[in-house]
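Student: Submitted below is the structure of interest, expressed as structure tokens.
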Number of protein chains: 2
Amino acid sequence: MSGKNLINSCENCENCWKGFKCLTNAEIELINENRYEAAFKPGEIILKQGAPASNALFLAKGLAKSYIEGIGGKNLIIAIFQPGMLILSPGAYVNSRHAYTVSALTPVNACFINFDIFRQLVRSNADFAEFLLEDFSRKSLISNQRMVSLSQKKMQGRIAEALLNLSDEVYRSDEFEIVLSRQELGEMTNMVKESVVRILKEMEDAGIISAVSSVIKIIDKAKLKEISEKG
Amino acid sequence: MSGKNLINSCENCENCWKGFKCLTNAEIELINENRYEAAFKPGEIILKQGAPASNALFLAKGLAKSYIEGIGGKNLIIAIFQPGMLILSPGAYVNSRHAYTVSALTPVNACFINFDIFRQLVRSNADFAEFLLEDFSRKSLISNQRMVSLSQKKMQGRIAEALLNLSDEVYRSDEFEIVLSRQELGEMTNMVKESVVRILKEMEDAGIISAVSSVIKIIDKAKLKEISEKG
DNA sequence: TTATTTAATTGAGATATATCAATTATTTAA
DNA sequence: TTAAATAATTGATATATCTCAATTAAATAA
């Protein structure tokens with residue numbers, strides 16, 4: 001962690017969580033005065049599964065992954081976090097422990113806010129609370145969707161879904177330089193890296209994508225969607 | 001649906017959602033005056049995936065299952081609901097659509113409360129809002145846990161986990177008459193009914209459980225836990 | 001009660017996916 | 001810039017799980 005390129009104030013932060021729009025100036029100021037910003041290098045751990053969940057976290061810059069360290073050390077990537085996103089471990093409201101590990105995929109700047117202060121704002125500002133409930137709900141819908149994908153889709157469908165998701169939600173482009181290794185792509189889609197390589201090649205041979213090392217280009221998006229939906 | 005054996009009032013309801021404890025008498029009264037109670041027979045659908053999510057639902061009596069109707073009509077059971085539980089489709093706060101179907105496993109009595117009223121209470125009562133956030137968080141933790149189980153455990157581990165869960169959380173006994181068919185046990189653990197039968201038999205042969213038609217008895221709980229944890 | 005439907009069980013064979021081992025690229029560090 | 005480490009790729013084989021088809025048991029309706 002180093003302290004360079006810090007944000008001056010929450011007020012003029014372009015990447016603040018949308019929920020902050022519900023806050024009064026005084027409340028924003030409270031957050032601004034109580035936040036701690038830190039910079040992480042790629043690969044560094046930002047939150048560790050099992051550690052105390054005493055902060056809410058906001059990603060100001062960069063990309064991060066959350067993943068559950070599962071059985072026999074096998075990881076399952078839960079989400080890719082982008083600037084503007086709230087990272088609030090569900091354990092915060094339950095057992096005060098992080099349910100997953102979060103680590104930086106690129107250089108990351110993140111703001112930590114003490115959970116007690118965050119919680120107080122939730123209690124005192126109904127719009128803010130409702131925004132948080134919406135955020136939780138959205139994540140729950142995504143989580144249900146992923147449960148179905150992981151359990152019902154075959155490898156092709158899972159990879160297709162992951163690529164579409166990266167294209168639509170993360171990189172917002174049909175061509176992108178992916179920061180995830182084949183191993184990590186496997187941890188997102190529940191397959192071993194060798195299978196990821198094989199499926200990507202299969203799709204390349206079929207003219208659906210191009211995947212030259214880390215640059216992925218979606219050529220036939222309609223076909224990719226079909227593979228994703230059919231499973 | 002029929003209207004017999006209805007509850008007189010939320011105040012003296014033994015199976016009310018614990019979140020109601022946060023409400024004032026006036027708020028309880030508001031709910032009581034605006035609730036609609038209905039009785040369902042086993043197999044009947046209580047909420048339908050995709051239909052408008054305009055109510056919060058409370059289970060007053062019986063058991064219900066929530067399940068996602070997935071790819072090619074394949075179901076994934078998300079949860080077993082018991083009396084006292086809140087059934088609030090995560091879509092309520094997002095797209096006003098039910099993310100899953102809920103159907104009765106036994107005779108069920110359920111109370112419907114208009115979501116606008118429920119939402120108003122969340123906005124006006126911070127303790128209630130916080131209780132709801134806790135409820136959502138708890139479900140999120142369970143959901144993460146299940147995602148790992150479904151994707152990383154082998155069939156034996158998934159069945160072991162399901163049996164332990166039914167024993168600990170639903171029936172609260174090591175011997176119970178299960179209301180789920182082998183097919184449904186498969187929809188909980190992501191396997192075909194034939195595999196469920198084979199694994200149950202295997203565990204019976206190993207002296208870990210006894211499973212005579214619908215009566216399941218856990219004989220060696222320690223061993224079952226070990227199978228569940230090892231995966 | 002008997003007939004009919006539905007659920008549970010069993011076995012044989014097919015398939016998706018993992019594992020293992022070897023090779024080649026690509027990064028990173030010296 | 002070269003050496004060392006890490007990541008990607010490929011092929012051969014093993015394994016978990018599903019599919020299909022047949023049979024039996026249990027539940028429901030006539």
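Following the order of the structure tokens, chains are lettered A, B, ..., residues in each are numbered from 1, and ligands are numbered from 1.
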Among region 4-159 of chain B, which ones does DSSP place in alpha helix (DSSP H), written as a PyMOL selection string?

Tutor: chain B and resi 25-33+115-124+126-152+155-159

Student: Can you spit out the residues from that selection as a short mmCIF file (atom, residue, chain, number, x, y, z; two decimals), in the first residue's frame, using N, CA and C atoms?

Tutor:
data_model
loop_
_atom_site.label_atom_id
_atom_site.label_comp_id
_atom_site.auth_asym_id
_atom_site.auth_seq_id
_atom_site.Cartn_x
_atom_site.Cartn_y
_atom_site.Cartn_z
N ASN B 25 -46.47 -0.59 18.17
CA ASN B 25 -47.83 -1.15 18.12
C ASN B 25 -48.60 -0.62 16.93
N ALA B 26 -48.42 0.67 16.67
CA ALA B 26 -49.14 1.28 15.54
C ALA B 26 -48.70 0.65 14.22
N GLU B 27 -47.40 0.39 14.11
CA GLU B 27 -46.88 -0.21 12.87
C GLU B 27 -47.37 -1.65 12.69
N ILE B 28 -47.37 -2.38 13.80
CA ILE B 28 -47.90 -3.75 13.77
C ILE B 28 -49.35 -3.72 13.30
N GLU B 29 -50.08 -2.75 13.85
CA GLU B 29 -51.50 -2.63 13.52
C GLU B 29 -51.67 -2.36 12.01
N LEU B 30 -50.79 -1.51 11.49
CA LEU B 30 -50.82 -1.18 10.07
C LEU B 30 -50.65 -2.45 9.21
N ILE B 31 -49.71 -3.28 9.63
CA ILE B 31 -49.49 -4.54 8.92
C ILE B 31 -50.71 -5.45 9.06
N ASN B 32 -51.17 -5.54 10.29
CA ASN B 32 -52.31 -6.43 10.56
C ASN B 32 -53.52 -6.06 9.71
N GLU B 33 -53.74 -4.77 9.55
CA GLU B 33 -54.91 -4.32 8.79
C GLU B 33 -54.74 -4.50 7.29
N PHE B 115 -46.16 -4.67 -0.80
CA PHE B 115 -44.76 -4.28 -0.69
C PHE B 115 -44.58 -2.79 -0.43
N ASP B 116 -45.48 -1.95 -0.92
CA ASP B 116 -45.36 -0.51 -0.67
C ASP B 116 -45.46 -0.20 0.82
N ILE B 117 -46.34 -0.92 1.49
CA ILE B 117 -46.47 -0.72 2.93
C ILE B 117 -45.23 -1.22 3.66
N PHE B 118 -44.79 -2.40 3.24
CA PHE B 118 -43.58 -2.97 3.83
C PHE B 118 -42.40 -2.00 3.65
N ARG B 119 -42.27 -1.51 2.44
CA ARG B 119 -41.18 -0.59 2.10
C ARG B 119 -41.25 0.68 2.94
N GLN B 120 -42.49 1.16 3.17
CA GLN B 120 -42.68 2.36 3.96
C GLN B 120 -42.19 2.14 5.39
N LEU B 121 -42.48 0.94 5.92
CA LEU B 121 -42.02 0.63 7.27
C LEU B 121 -40.49 0.59 7.33
N VAL B 122 -39.89 0.03 6.28
CA VAL B 122 -38.43 -0.02 6.22
C VAL B 122 -37.86 1.39 6.24
N ARG B 123 -38.54 2.30 5.56
CA ARG B 123 -38.06 3.68 5.48
C ARG B 123 -38.23 4.43 6.80
N SER B 124 -39.29 4.07 7.53
CA SER B 124 -39.60 4.88 8.70
C SER B 124 -39.04 4.31 10.00
N ALA B 126 -35.75 2.50 11.56
CA ALA B 126 -34.36 2.11 11.32
C ALA B 126 -34.04 0.71 11.84
N ASP B 127 -34.63 0.34 12.97
CA ASP B 127 -34.37 -1.00 13.50
C ASP B 127 -34.91 -2.06 12.54
N PHE B 128 -36.08 -1.77 12.00
CA PHE B 128 -36.71 -2.69 11.05
C PHE B 128 -35.85 -2.81 9.80
N ALA B 129 -35.38 -1.66 9.30
CA ALA B 129 -34.52 -1.65 8.12
C ALA B 129 -33.26 -2.46 8.37
N GLU B 130 -32.69 -2.27 9.53
CA GLU B 130 -31.45 -2.98 9.85
C GLU B 130 -31.69 -4.48 9.97
N PHE B 131 -32.84 -4.83 10.51
CA PHE B 131 -33.17 -6.25 10.61
C PHE B 131 -33.29 -6.86 9.21
N LEU B 132 -33.89 -6.10 8.32
CA LEU B 132 -34.04 -6.58 6.94
C LEU B 132 -32.67 -6.72 6.27
N LEU B 133 -31.79 -5.75 6.51
CA LEU B 133 -30.43 -5.84 5.96
C LEU B 133 -29.71 -7.07 6.50
N GLU B 134 -29.93 -7.35 7.77
CA GLU B 134 -29.35 -8.55 8.36
C GLU B 134 -29.89 -9.81 7.70
N ASP B 135 -31.20 -9.81 7.48
CA ASP B 135 -31.85 -10.96 6.83
C ASP B 135 -31.27 -11.16 5.43
N PHE B 136 -31.18 -10.10 4.68
CA PHE B 136 -30.59 -10.17 3.33
C PHE B 136 -29.15 -10.68 3.40
N SER B 137 -28.41 -10.16 4.38
CA SER B 137 -26.99 -10.53 4.50
C SER B 137 -26.84 -12.01 4.81
N ARG B 138 -27.67 -12.48 5.70
CA ARG B 138 -27.65 -13.90 6.08
C ARG B 138 -27.91 -14.77 4.85
N LYS B 139 -28.90 -14.36 4.06
CA LYS B 139 -29.22 -15.13 2.86
C LYS B 139 -28.08 -15.08 1.85
N SER B 140 -27.40 -13.95 1.82
CA SER B 140 -26.28 -13.82 0.91
C SER B 140 -25.13 -14.76 1.31
N LEU B 141 -24.89 -14.84 2.62
CA LEU B 141 -23.84 -15.75 3.09
C LEU B 141 -24.18 -17.19 2.74
N ILE B 142 -25.45 -17.54 2.95
CA ILE B 142 -25.89 -18.91 2.63
C ILE B 142 -25.74 -19.17 1.14
N SER B 143 -26.10 -18.17 0.37
CA SER B 143 -26.03 -18.30 -1.07
C SER B 143 -24.59 -18.50 -1.56
N ASN B 144 -23.66 -17.74 -0.97
CA ASN B 144 -22.24 -17.94 -1.30
C ASN B 144 -21.79 -19.34 -0.95
N GLN B 145 -22.20 -19.76 0.22
CA GLN B 145 -21.82 -21.07 0.70
C GLN B 145 -22.31 -22.16 -0.26
N ARG B 146 -23.54 -21.98 -0.70
CA ARG B 146 -24.13 -22.97 -1.59
C ARG B 146 -23.44 -22.98 -2.94
N MET B 147 -23.05 -21.80 -3.39
CA MET B 147 -22.37 -21.70 -4.68
C MET B 147 -21.09 -22.54 -4.64
N VAL B 148 -20.37 -22.44 -3.51
CA VAL B 148 -19.15 -23.23 -3.35
C VAL B 148 -19.49 -24.72 -3.32
N SER B 149 -20.50 -25.07 -2.54
CA SER B 149 -20.87 -26.49 -2.43
C SER B 149 -21.23 -27.07 -3.78
N LEU B 150 -22.11 -26.35 -4.48
CA LEU B 150 -22.61 -26.87 -5.75
C LEU B 150 -21.48 -27.02 -6.76
N SER B 151 -20.50 -26.10 -6.68
CA SER B 151 -19.47 -26.16 -7.72
C SER B 151 -18.24 -26.96 -7.30
N GLN B 152 -18.02 -27.14 -6.01
CA GLN B 152 -16.78 -27.80 -5.62
C GLN B 152 -16.94 -29.16 -4.96
N MET B 155 -20.88 -35.43 -5.44
CA MET B 155 -22.26 -35.78 -5.08
C MET B 155 -22.40 -36.18 -3.61
N GLN B 156 -21.49 -37.00 -3.12
CA GLN B 156 -21.58 -37.44 -1.72
C GLN B 156 -21.59 -36.25 -0.78
N GLY B 157 -20.70 -35.30 -1.03
CA GLY B 157 -20.60 -34.13 -0.17
C GLY B 157 -21.85 -33.27 -0.23
N ARG B 158 -22.41 -33.14 -1.42
CA ARG B 158 -23.60 -32.30 -1.57
C ARG B 158 -24.81 -32.92 -0.87
N ILE B 159 -24.95 -34.25 -1.01
CA ILE B 159 -26.05 -34.93 -0.33
C ILE B 159 -25.86 -34.85 1.19
#

Student: Find the nearest atom pair between each residue of chain B and chain C for residues within 8 Å, count only C-alpha atoms (C1' of nucleotides), give distances in Å to one decimal, sort rows by chain and ascending number, and present the table as a Markdown table.

Tutor:
| residue | atom | partner | partner_atom | distance |
| --- | --- | --- | --- | --- |
| B:Ser181 | CA | C:DA7 | C1' | 7.9 |
| B:Arg182 | CA | C:DA8 | C1' | 7.9 |
| B:Glu194 | CA | C:DT9 | C1' | 7.8 |
| B:Val197 | CA | C:DT9 | C1' | 7.3 |

Student: Between CA of Glu69 (chain B) and CA of Gln49 (chain B), what is the distance in Å, rounded to a tenth?

Tutor: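 Calculated distance between CA of Glu69 (chain B) and CA of Gln49 (chain B) is 7.5 Å.
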
Student: What are the closest atom pairs, with distances in Å to one decimal, for each residue of chain B lying within 10 Å of chain D, using only C-alpha atoms (C1' of nucleotides), rows by chain and rising residue number, as a Markdown table?

Tutor:
| residue | atom | partner | partner_atom | distance |
| --- | --- | --- | --- | --- |
| B:Lys154 | CA | D:DA16 | C1' | 8.1 |
| B:Met155 | CA | D:DT17 | C1' | 8.6 |
| B:Met191 | CA | D:DT17 | C1' | 8.1 |
| B:Val192 | CA | D:DC18 | C1' | 7.4 |
| B:Glu194 | CA | D:DC18 | C1' | 9.1 |
| B:Ser195 | CA | D:DT17 | C1' | 7.9 |
| B:Ser213 | CA | D:DA26 | C1' | 9.1 |

Student: If you run DSSP on the backbone, which residues of region 47-144 of chain A are strand (DSSP E or B), as a ChimeraX atom specification?

Tutor: /A:47,52,55-61,64-69,75-81,86-87,97,101-104,108-114
